[in-house]
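So the structure is just underneath, and the comments pick up after that.
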Amino acid sequence: MDEKTRQEVALFRYSLIAPIINNTFSQPTQIAYLEDVCSKSFDVPYYGHKSYAPKTVKKWLYTYNKHGIEGLFPRRRSDKGTSRVLTDKIKEFIIELKIDKPKRSAKSIYQELLAKKLISYDELSLSTVQRFIYSKRLSAPRLNSKERYAFEMEYPNDCWQSDVSSGPYLIIDGRKRKTYLIAFLDDCSRVITHAEFFFKDDLQSLETAFKKAISKRGIPKKLFVDNGKIYQSRQFQFICANLGTILSYAQPYSPESKGKIERFFGTLKGQWMNLLNWDKISSLEELNSLLHDYIEKDYHQAKHSSIQFKPIDRFVKHIDNLKFIHSTRELDFIFLHRLTRKVRKDATISLKTKMFEVPQKFIGERVNVRFLADSLDKAYLFDDDNQLITDIYPVRKIDN
């Protein structure tokens, strides 16, 4: 199992325990939730269709509470040498059977392979057939978290909404540049936990905005977003899993499901953007400063028609019940990106064209590296059990 698949499995396991972590399950008790979940069959990355016993899900919950998302990674295989290879002939046979009868199960296909003596029990397992069907997207649609969002949360940070909106063009050094606004809104209070303009609507911009929102307003139990590429990135899913936040997606072509954040964008444009003199704004920093002033001094201080409260008043009313991250290092670690690199003979590795020094003992080995995408003044080495080994730093040529 490669690293990408291990990550997918960990995220799947997290998706089953997240409602317990955040106490957001709809069933009357945790036991009822477990019984409901364990009565279903899931299309699991790598493993194919599986159902689980309550004790398995409880074990994942215990492991997550002790080790975080890292504890949900499958253990690395210890059975190398066992034949798990599907021949081209068998692959074609499986594909033909699934196309002919899409609802046919992997188990029945496996039994037919045995009956036709195309395989034997010793050389090929049912799970191998299940994984092949999954990898070729021949199985039924995977269980996902897309839903229609038509209710209001009772407390701040129960759920945030986030979206990206096109911003104005700025003239920077004689060059016309488009801006993008990324915003996070608390469903209960309508507080804007953070909003910021960027020159790119990419993952790094999203991470920057989300990190600032968490730093200022705490951790949301749930984050409701659209199906944009940046929100569906594995890195962003891992960030949410590390936070204990459930990441939920709106149905395609369903703008009403994220209406609150859309209405904020409308209010912002009508009451603020349309009144600005854009010719006098000379930098992105100046634009964001003006935006911050409007949100904190006007939007948060005005009674919201839907809730009949000032957004900030409703938010701070329950602030003692909110969960914050007070350690900058802890917050940074949640947002770390992951890569593997082979250490060169001069005890260095390359990250985004920058060279880093690594302890001599790792020369010739592959190491697990983590780093902040927006700051390469430091990186970190982790072992295969996801334990921090050491900090590493860029090469200083003057020292060498």
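Going by the structure tokens order, chains are called A, B, ..., each with residues numbered from 1, while ligands are numbered from 1 in the order shown.
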
Report as a ChimeraX atom specification all protein, DNA and RNA residues lying within 10 Å of range 340-357 of chain A, evaluated on only C-alpha atoms, omitting residues in the same chain fewer than 3 positions from it.
/A:3,360-371,373,376-379,381-382,391-396

Kindly provide the residues of range 220-268 of chain A that approach range 154-168 of chain A to within 7 Å, each paired with its closest atom pair and their distance in Å to one decimal, based on only C-alpha atoms, listed by chain and increasing number, as JSON lines.
{"residue": "A:Pro220", "atom": "CA", "partner": "A:Asn157", "partner_atom": "CA", "distance": 4.4}
{"residue": "A:Lys221", "atom": "CA", "partner": "A:Asp158", "partner_atom": "CA", "distance": 5.1}
{"residue": "A:Lys222", "atom": "CA", "partner": "A:Cys159", "partner_atom": "CA", "distance": 4.5}
{"residue": "A:Leu223", "atom": "CA", "partner": "A:Trp160", "partner_atom": "CA", "distance": 4.9}
{"residue": "A:Phe224", "atom": "CA", "partner": "A:Gln161", "partner_atom": "CA", "distance": 4.7}
{"residue": "A:Val225", "atom": "CA", "partner": "A:Ser162", "partner_atom": "CA", "distance": 5.3}
{"residue": "A:Asp226", "atom": "CA", "partner": "A:Asp163", "partner_atom": "CA", "distance": 6.8}
{"residue": "A:Lys258", "atom": "CA", "partner": "A:Gln161", "partner_atom": "CA", "distance": 6.9}
{"residue": "A:Ile261", "atom": "CA", "partner": "A:Gln161", "partner_atom": "CA", "distance": 6.3}

So that I can check the secondary structure, give me every residue of range 177-368 of chain A assigned alpha helix (DSSP H) by backbone DSSP, as a PyMOL selection string.
chain A and resi 203-217+234-243+259-271+284-294+311-316+328-334

Write the selection just made, keeping C-alpha atoms, as a PDB file, in the first residue's frame?
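Full text of part_0.pdb as output:
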ATOM      1  CA  LEU A 203      -4.559  25.858  -1.792  1.00  0.00           C
ATOM      2  CA  GLN A 204      -1.888  28.025  -0.178  1.00  0.00           C
ATOM      3  CA  SER A 205      -4.259  31.002  -0.080  1.00  0.00           C
ATOM      4  CA  LEU A 206      -6.989  28.797   1.417  1.00  0.00           C
ATOM      5  CA  GLU A 207      -4.618  27.455   4.073  1.00  0.00           C
ATOM      6  CA  THR A 208      -3.497  30.970   4.986  1.00  0.00           C
ATOM      7  CA  ALA A 209      -7.077  32.184   5.431  1.00  0.00           C
ATOM      8  CA  PHE A 210      -8.204  29.084   7.331  1.00  0.00           C
ATOM      9  CA  LYS A 211      -5.227  29.222   9.667  1.00  0.00           C
ATOM     10  CA  LYS A 212      -5.951  32.857  10.538  1.00  0.00           C
ATOM     11  CA  ALA A 213      -9.636  32.053  11.096  1.00  0.00           C
ATOM     12  CA  ILE A 214      -8.766  29.273  13.562  1.00  0.00           C
ATOM     13  CA  SER A 215      -6.194  31.441  15.321  1.00  0.00           C
ATOM     14  CA  LYS A 216      -8.757  34.206  15.867  1.00  0.00           C
ATOM     15  CA  ARG A 217     -12.046  32.335  16.405  1.00  0.00           C
ATOM     16  CA  ARG A 234      -6.075  15.792   0.253  1.00  0.00           C
ATOM     17  CA  GLN A 235      -3.921  18.305   2.124  1.00  0.00           C
ATOM     18  CA  PHE A 236      -6.981  20.317   3.171  1.00  0.00           C
ATOM     19  CA  GLN A 237      -8.806  17.131   4.183  1.00  0.00           C
ATOM     20  CA  PHE A 238      -5.847  16.235   6.398  1.00  0.00           C
ATOM     21  CA  ILE A 239      -5.844  19.668   8.007  1.00  0.00           C
ATOM     22  CA  CYS A 240      -9.512  19.271   8.922  1.00  0.00           C
ATOM     23  CA  ALA A 241      -8.945  15.737  10.204  1.00  0.00           C
ATOM     24  CA  ASN A 242      -6.051  16.927  12.385  1.00  0.00           C
ATOM     25  CA  LEU A 243      -8.325  19.619  13.804  1.00  0.00           C
ATOM     26  CA  GLY A 259     -26.723  30.673   1.100  1.00  0.00           C
ATOM     27  CA  LYS A 260     -25.382  32.371   4.225  1.00  0.00           C
ATOM     28  CA  ILE A 261     -21.875  32.889   2.866  1.00  0.00           C
ATOM     29  CA  GLU A 262     -23.329  33.926  -0.501  1.00  0.00           C
ATOM     30  CA  ARG A 263     -25.515  36.524   1.227  1.00  0.00           C
ATOM     31  CA  PHE A 264     -22.463  37.872   3.021  1.00  0.00           C
ATOM     32  CA  PHE A 265     -20.693  38.312  -0.315  1.00  0.00           C
ATOM     33  CA  GLY A 266     -23.760  40.181  -1.571  1.00  0.00           C
ATOM     34  CA  THR A 267     -23.812  42.428   1.492  1.00  0.00           C
ATOM     35  CA  LEU A 268     -20.089  43.088   1.180  1.00  0.00           C
ATOM     36  CA  LYS A 269     -20.385  44.147  -2.437  1.00  0.00           C
ATOM     37  CA  GLY A 270     -23.454  46.303  -1.910  1.00  0.00           C
ATOM     38  CA  GLN A 271     -22.387  48.056   1.299  1.00  0.00           C
ATOM     39  CA  LEU A 284      -3.238  43.998  -1.548  1.00  0.00           C
ATOM     40  CA  GLU A 285      -2.268  44.841   2.033  1.00  0.00           C
ATOM     41  CA  GLU A 286      -4.178  48.128   1.837  1.00  0.00           C
ATOM     42  CA  LEU A 287      -7.243  46.371   0.414  1.00  0.00           C
ATOM     43  CA  ASN A 288      -7.229  43.781   3.200  1.00  0.00           C
ATOM     44  CA  SER A 289      -6.800  46.471   5.841  1.00  0.00           C
ATOM     45  CA  LEU A 290      -9.903  48.231   4.536  1.00  0.00           C
ATOM     46  CA  LEU A 291     -11.790  44.920   4.456  1.00  0.00           C
ATOM     47  CA  HIS A 292     -10.804  44.129   8.041  1.00  0.00           C
ATOM     48  CA  ASP A 293     -12.013  47.559   9.222  1.00  0.00           C
ATOM     49  CA  TYR A 294     -15.377  47.103   7.504  1.00  0.00           C
ATOM     50  CA  PRO A 311     -22.918  38.898  15.015  1.00  0.00           C
ATOM     51  CA  ILE A 312     -20.052  39.563  17.410  1.00  0.00           C
ATOM     52  CA  ASP A 313     -22.391  39.691  20.443  1.00  0.00           C
ATOM     53  CA  ARG A 314     -23.885  36.321  19.639  1.00  0.00           C
ATOM     54  CA  PHE A 315     -20.442  34.823  19.092  1.00  0.00           C
ATOM     55  CA  VAL A 316     -18.809  36.041  22.327  1.00  0.00           C
ATOM     56  CA  THR A 328       1.686  28.643  17.441  1.00  0.00           C
ATOM     57  CA  ARG A 329       3.825  25.518  16.997  1.00  0.00           C
ATOM     58  CA  GLU A 330       0.817  23.231  17.510  1.00  0.00           C
ATOM     59  CA  LEU A 331      -1.177  25.152  14.912  1.00  0.00           C
ATOM     60  CA  ASP A 332       1.756  25.100  12.490  1.00  0.00           C
ATOM     61  CA  PHE A 333       2.093  21.320  12.815  1.00  0.00           C
ATOM     62  CA  ILE A 334      -1.551  20.840  11.869  1.00  0.00           C
TER      63      ILE A 334
END

Near Gly48 in chain A, within 9 Å and counting only C-alpha atoms, which residues show up once chain neighbours fewer than 4 positions away are dropped, as an mmCIF file with C-alpha atoms, in the first residue's frame?
data_model
loop_
_atom_site.group_PDB
_atom_site.id
_atom_site.type_symbol
_atom_site.label_atom_id
_atom_site.label_comp_id
_atom_site.auth_asym_id
_atom_site.auth_seq_id
_atom_site.Cartn_x
_atom_site.Cartn_y
_atom_site.Cartn_z
ATOM 1 C CA PHE A 42 -18.748 1.025 2.710
ATOM 2 C CA ASP A 43 -16.610 1.212 -0.418
ATOM 3 C CA VAL A 44 -13.270 1.609 1.359
ATOM 4 C CA ALA A 106 -16.522 -8.757 -5.902
ATOM 5 C CA SER A 127 -9.395 -8.554 -1.090
ATOM 6 C CA THR A 128 -7.077 -8.294 -4.115
ATOM 7 C CA VAL A 129 -10.085 -8.520 -6.446
ATOM 8 C CA GLN A 130 -11.941 -5.963 -4.323
ATOM 9 C CA ARG A 131 -9.018 -3.533 -4.499
ATOM 10 C CA PHE A 132 -8.763 -3.899 -8.277
ATOM 11 C CA ILE A 133 -12.481 -3.138 -8.705
ATOM 12 C CA TYR A 134 -12.100 -0.115 -6.476
ATOM 13 C CA SER A 135 -8.984 1.169 -8.250
ATOM 14 C CA SER A 139 -17.760 -0.208 -7.923
#

Extract, using only C-alpha atoms, all DNA, RNA and protein residues at most 6 Å from range 7-19 of chain A, discarding same-chain residues fewer than 4 positions from it, and format them as number ranges by chain.
A: 23-25, 45, 61, 72-73

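The spacing separating CA of Tyr46 in chain A from CA of Arg75 in chain A amounts to 13.1 Å.
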
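Going from CA of Asp383 in chain A over to CA of Gly244 in chain A, you cover 22.9 Å.
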
So that I can check the surroundings of range 112-122 of chain A, please list as a ChimeraX atom specification every protein, DNA and RNA residue that reaches within 10 Å of it, counting only C-alpha atoms and ignoring chain neighbours fewer than 3 positions away.
/A:82-84,86-87,89-90,93-94,97,106-109,125-126,129

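The smallest atom-to-atom distance between Gly71 in chain A and any of A:Gln27, A:Leu170, A:Arg6, A:Val37, using only C-alpha atoms, is found for A:Arg6.
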
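The gap separating CA of Asp2 in chain A from CA of Val358 in chain A is 24.1 Å, in Å to one decimal.
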